[in-house]
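Everything below concerns the one structure shown next.
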2 protein chains.
Amino acid sequence: MPMVAPERRRRVTISDVAKHAGVSKAAVSKVIRNDYGVSDAMRERVQRAIEELGYRPQAAARALRGRAFTIGVLMRHIGIPFYAEIMTGLVDQLAESDYQAIMIQGGTLDKTEKRALDALIDRQVDGILMIAPLVGRTQLEQVAREFPTVVLGRHDRSPAYDSIVDDDRVGSELVMEHLIGLGHRRIGHITFQQEHGRAADQMPRIRAETYERVMRDHGLAGEIAVAVTSYSEEGGYDGARELLSRDPRPTAIFAGSDEAALGVLAALHEAGLSVPDDVSVAGYDNTRLAAHPNIALTTVNQDGVVMGRMAGRLLLERIEGRTSPVHFSVIPSLVVRRSTAAAR
Amino acid sequence: MPMVAPERRRRVTISDVAKHAGVSKAAVSKVIRNDYGVSDAMRERVQRAIEELGYRPQAAARALRGRAFTIGVLMRHIGIPFYAEIMTGLVDQLAESDYQAIMIQGGTLDKTEKRALDALIDRQVDGILMIAPLVGRTQLEQVAREFPTVVLGRHDRSPAYDSIVDDDRVGSELVMEHLIGLGHRRIGHITFQQEHGRAADQMPRIRAETYERVMRDHGLAGEIAVAVTSYSEEGGYDGARELLSRDPRPTAIFAGSDEAALGVLAALHEAGLSVPDDVSVAGYDNTRLAAHPNIALTTVNQDGVVMGRMAGRLLLERIEGRTSPVHFSVIPSLVVRRSTAAAR
DNA sequence: GGGAAAATGTGTACCGGTCTACGACGTCTC
DNA sequence: GAGACGTCGTAGACCGGTACACATTTTCCC
């Protein structure tokens, strides 16, 4: 018996459908795209043929002339719970449209992010969602001029793109008023220093400035203590050690992010200090971890799902032709857990 | 002064490059693809033109005839730290090639996963990495027959695709021997019940079976106690409550995943039981959280980075034409932390 | 020096869709 | 009943690359 090669059967194309339905390619195309000038009879006929053959249009071919029906999402890493929330919202919003979201990791270097962004552009995405991108404002605007773009998590507005941000000022105020309300005076803050010469990300700056302003507003200017490290767990750890080395040490620490707050908790644990008895700790982001009983971190919740859904809506609008920019701000809320308590 | 429309300048194409360099399109294409039959002079000349014009080939156009240089990754959700590790390995491996990885979320339903998989296929990816997919084996094989496919985290092998798994048998043995070595006898286990009629995911079954086997091997058949919930935090919580309701209650719990172990910790916390004094807890996966001092979970480490890198390698090989299947197994290791201690 | 073989460059069909232009037909209006 | 107009369907150029066939030149070898 002769060995037959496992025939890699060709994918069904629009021509196959046209032939099967006894109509022209153009007609099938019209039906697919819900274009004007199709009779009910034609629509039904073509749709049955599509059904029978199991036809699915090929995005690459569509992209060449029309749209790819693809939204590209650029993020530093996956694995960040807040990003997952954003995606949930985005996917939910896109579910009713014909668009699909694909994600790509940009990493934490300018170079790798650039490569990832190019990769999206090369793949002819119809719109781009950039989550907390590193890229400079000028290049960002250049991209935005060519493709519908929504930037999430960056405070530098531009008429060229839409932006979605959490109102970090409000969120930081919530934390600070909470701590001060508990009687704390020596409150330390951990912030994130951008690389030199990069104007990109104002978010840590806003949180830090709000911290300082609220301190001053309450006559605590002399107690201001900021550790400049990063928003990572390591950054929180290092920052906490720096703050704890002060004499007298702070009775509360407002970490700029939950990640950093985790590092703070680790440092306190190591130093034999108890939370919240010796030191109160607050974070920002309300990551899933923060809710765990062993962590129970007081933090700020920003609704990632809402942000993601909004991102989807804005992108679809831009794809449909809107050119006037929209800047959307989400009001955060405070989530009080066991990591903060009255000062002693 | 007349208002000039912000001219959306056309993207540079291969023809532009050809014209600029004074050669044919075909020649440029050859240079790009590193094809045979290009002189050094030609190569240099074309490359300079590409440089000068800032040309980048369009993936959609390439895909139509040749390759898209894209690897599609299908995962349930982003936001899972272990997946992030896999991606790190994959991206690292692909960095030296011309391929780019894009990700898509399949969700936890058959229907949404199917849609996501179709979306990848419609986008003409050259290879697919499926991380713990839900899809049935038959359909999986069908996809694999048409596209180079690597499946990660599923134990059902097939000649049609490559698979990468953690050796769950070894990992579970490590945990169990550790607990038994500490003197525990009443050890409970939390496992994940697949939906009815789905043969998909044997992984929880292997962990559970190994648990039972080791118990029996040590003459502890009578102490076997399994809670069937899920691998999520909620599942762990529910499972722990079920196990704790026994009399006498177990002195140790082996949760099938770190996620579930977090839920176990929450339940114990709520019940006023101390870890590890009253109950020892072990997980599986060594997520980043497990390492945090406030959690300090004994768990099994599987090297996601290695798995991701291997996935990349296998995919590239398949794209290059390999058809014989490869099944790769990663040997896990035990990470002992403070959540386990000698039985009292 | 001559013929074969290897190296190099080009022309062009083709991939699978979209979109524009146009023709055929039916309906309405006066 | 003629012209205007709206509706519906089709032909075929086109998007930006790739790949094959082929022409031309160069190299090699005896």
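Ligands are numbered from 1 in the order shown, chains are lettered A, B, ... in the order of the structure tokens, and residues start at 1 in each chain.
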What are the residues of chain B lining chain A at 9 Å or less? Count only C-alpha atoms, and put the answer as a PDB file with C-alpha atoms, in the first residue's frame.
ATOM      1  CA  PRO B   6      -1.824  66.428   8.153  1.00  0.00           C
ATOM      2  CA  ARG B   8      -0.662  60.663   6.479  1.00  0.00           C
ATOM      3  CA  ARG B   9       2.473  59.740   4.671  1.00  0.00           C
ATOM      4  CA  ARG B  56      10.404  47.633   7.521  1.00  0.00           C
ATOM      5  CA  PRO B  57       8.650  44.785   5.740  1.00  0.00           C
ATOM      6  CA  GLN B  58       4.964  44.445   6.391  1.00  0.00           C
ATOM      7  CA  ALA B  59       4.085  41.212   8.080  1.00  0.00           C
ATOM      8  CA  ALA B  60       0.647  40.946   6.498  1.00  0.00           C
ATOM      9  CA  ALA B  61       2.057  41.046   3.003  1.00  0.00           C
ATOM     10  CA  ARG B  62       4.740  38.526   3.826  1.00  0.00           C
ATOM     11  CA  ALA B  63       2.227  36.237   5.442  1.00  0.00           C
ATOM     12  CA  LEU B  64       0.173  36.055   2.299  1.00  0.00           C
ATOM     13  CA  ALA B  68       4.509  36.063   9.045  1.00  0.00           C
ATOM     14  CA  HIS B  77      -5.197  34.827  31.287  1.00  0.00           C
ATOM     15  CA  ILE B  78      -2.284  37.054  31.626  1.00  0.00           C
ATOM     16  CA  GLY B  79      -1.597  37.981  35.209  1.00  0.00           C
ATOM     17  CA  ILE B  80      -0.439  34.510  36.143  1.00  0.00           C
ATOM     18  CA  PRO B  81       3.152  34.819  37.314  1.00  0.00           C
ATOM     19  CA  PHE B  82       4.134  31.416  36.031  1.00  0.00           C
ATOM     20  CA  TYR B  83       3.002  32.360  32.550  1.00  0.00           C
ATOM     21  CA  ALA B  84       5.108  35.455  32.762  1.00  0.00           C
ATOM     22  CA  GLU B  85       8.120  33.273  33.379  1.00  0.00           C
ATOM     23  CA  MET B  87       7.050  34.274  28.234  1.00  0.00           C
ATOM     24  CA  THR B  88      10.385  35.499  29.500  1.00  0.00           C
ATOM     25  CA  VAL B  91      10.982  35.888  24.197  1.00  0.00           C
ATOM     26  CA  GLN B 100       7.996  37.759  17.350  1.00  0.00           C
ATOM     27  CA  ALA B 101       5.666  36.375  19.954  1.00  0.00           C
ATOM     28  CA  ILE B 102       2.158  37.695  20.284  1.00  0.00           C
ATOM     29  CA  MET B 103      -0.204  36.629  23.004  1.00  0.00           C
ATOM     30  CA  ILE B 104      -3.900  36.171  23.146  1.00  0.00           C
ATOM     31  CA  GLN B 105      -6.203  35.383  26.026  1.00  0.00           C
ATOM     32  CA  ALA B 116      -8.972  33.075  20.467  1.00  0.00           C
ATOM     33  CA  ASP B 118      -9.198  30.913  15.537  1.00  0.00           C
ATOM     34  CA  ALA B 119      -8.042  34.483  15.828  1.00  0.00           C
ATOM     35  CA  LEU B 120      -4.446  33.332  15.935  1.00  0.00           C
ATOM     36  CA  ILE B 121      -4.921  31.062  12.963  1.00  0.00           C
ATOM     37  CA  ASP B 122      -6.674  33.785  10.984  1.00  0.00           C
ATOM     38  CA  ARG B 123      -3.658  35.945  11.641  1.00  0.00           C
ATOM     39  CA  GLN B 124      -1.422  33.411   9.954  1.00  0.00           C
ATOM     40  CA  ARG B 145      -1.534  18.908  11.816  1.00  0.00           C
ATOM     41  CA  GLU B 146      -1.876  22.244  10.093  1.00  0.00           C
ATOM     42  CA  LEU B 262      -3.053  30.925  49.376  1.00  0.00           C
ATOM     43  CA  GLY B 263      -6.667  30.092  49.934  1.00  0.00           C
ATOM     44  CA  LEU B 265      -3.638  30.018  54.352  1.00  0.00           C
ATOM     45  CA  ALA B 266      -6.602  32.358  54.332  1.00  0.00           C
ATOM     46  CA  ALA B 267      -8.900  29.682  55.696  1.00  0.00           C
ATOM     47  CA  HIS B 269      -6.009  32.366  59.347  1.00  0.00           C
ATOM     48  CA  GLU B 270      -9.724  32.736  59.619  1.00  0.00           C
ATOM     49  CA  LEU B 289       4.136  35.374  46.031  1.00  0.00           C
ATOM     50  CA  HIS B 292       7.200  36.671  50.252  1.00  0.00           C
ATOM     51  CA  PRO B 293       8.081  36.618  53.972  1.00  0.00           C
ATOM     52  CA  ASN B 294       4.446  37.021  54.957  1.00  0.00           C
ATOM     53  CA  ILE B 295       3.599  33.900  53.008  1.00  0.00           C
TER      54      ILE B 295
END
*Running DSSP on the backbone, which parts of segment 8-189 of chain A land in strand (DSSP E or B), as a PyMOL selection string?*
chain A and resi 70-75+100-105+127-131+149-152+158+161-166+187-189
Residues of chain A that approach chain D to 8 Å or less, counting only C-alpha atoms (C1' of nucleotides): could you list each one with the shortest pair of atoms and its distance in Å to one decimal, rows by chain and increasing residue number, as a tab-separated table?
residue	atom	partner	partner_atom	distance
A:Ser24	CA	D:DT10	C1'	6.4
A:Ala26	CA	D:DT10	C1'	7.3
A:Ala27	CA	D:DG9	C1'	7.0
A:Gly37	CA	D:DC8	C1'	5.7
A:Val38	CA	D:DC8	C1'	6.4
A:Ser39	CA	D:DC8	C1'	6.9
A:Leu64	CA	D:DC15	C1'	4.9
A:Arg65	CA	D:DC15	C1'	4.9
*Length of the atom CA of Arg246 of chain A to atom CA of Gly219 of chain A vector [Å]*: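 Atom-to-atom, atom CA of Arg246 of chain A to atom CA of Gly219 of chain A, that is 20.0 Å.
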*7 Å contacts from chain C to chain A using only C-alpha atoms (C1' of nucleotides), as a list in words*: DG16, DG17 and DT18 of chain C
Name the residues of segment 268-343 of chain B that come out as helix (DSSP H, G or I) in a backbone DSSP run; write them as a PDB file with C-alpha atoms, in the first residue's frame.
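As written to disk, result-v1.pdb reads:
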ATOM      1  CA  LEU B 268      -6.432  28.741  58.420  1.00  0.00           C
ATOM      2  CA  HIS B 269      -6.009  32.366  59.347  1.00  0.00           C
ATOM      3  CA  GLU B 270      -9.724  32.736  59.619  1.00  0.00           C
ATOM      4  CA  ARG B 288       6.562  34.872  43.219  1.00  0.00           C
ATOM      5  CA  LEU B 289       4.136  35.374  46.031  1.00  0.00           C
ATOM      6  CA  ALA B 290       5.135  32.157  47.694  1.00  0.00           C
ATOM      7  CA  ALA B 291       8.524  33.662  48.392  1.00  0.00           C
ATOM      8  CA  GLY B 304       9.153  28.426  33.690  1.00  0.00           C
ATOM      9  CA  VAL B 305      11.962  30.256  31.958  1.00  0.00           C
ATOM     10  CA  VAL B 306      13.529  26.994  30.846  1.00  0.00           C
ATOM     11  CA  MET B 307      10.159  25.741  29.682  1.00  0.00           C
ATOM     12  CA  GLY B 308       9.507  28.883  27.698  1.00  0.00           C
ATOM     13  CA  ARG B 309      12.904  28.775  26.091  1.00  0.00           C
ATOM     14  CA  MET B 310      12.407  25.171  25.156  1.00  0.00           C
ATOM     15  CA  ALA B 311       9.012  25.984  23.695  1.00  0.00           C
ATOM     16  CA  GLY B 312      10.633  28.598  21.476  1.00  0.00           C
ATOM     17  CA  ARG B 313      13.293  26.189  20.347  1.00  0.00           C
ATOM     18  CA  LEU B 314      10.841  23.435  19.524  1.00  0.00           C
ATOM     19  CA  LEU B 315       8.625  25.812  17.586  1.00  0.00           C
ATOM     20  CA  LEU B 316      11.492  27.123  15.505  1.00  0.00           C
ATOM     21  CA  GLU B 317      12.534  23.571  14.769  1.00  0.00           C
ATOM     22  CA  ARG B 318       9.032  22.644  13.711  1.00  0.00           C
ATOM     23  CA  ILE B 319       8.822  25.685  11.499  1.00  0.00           C
TER      24      ILE B 319
END
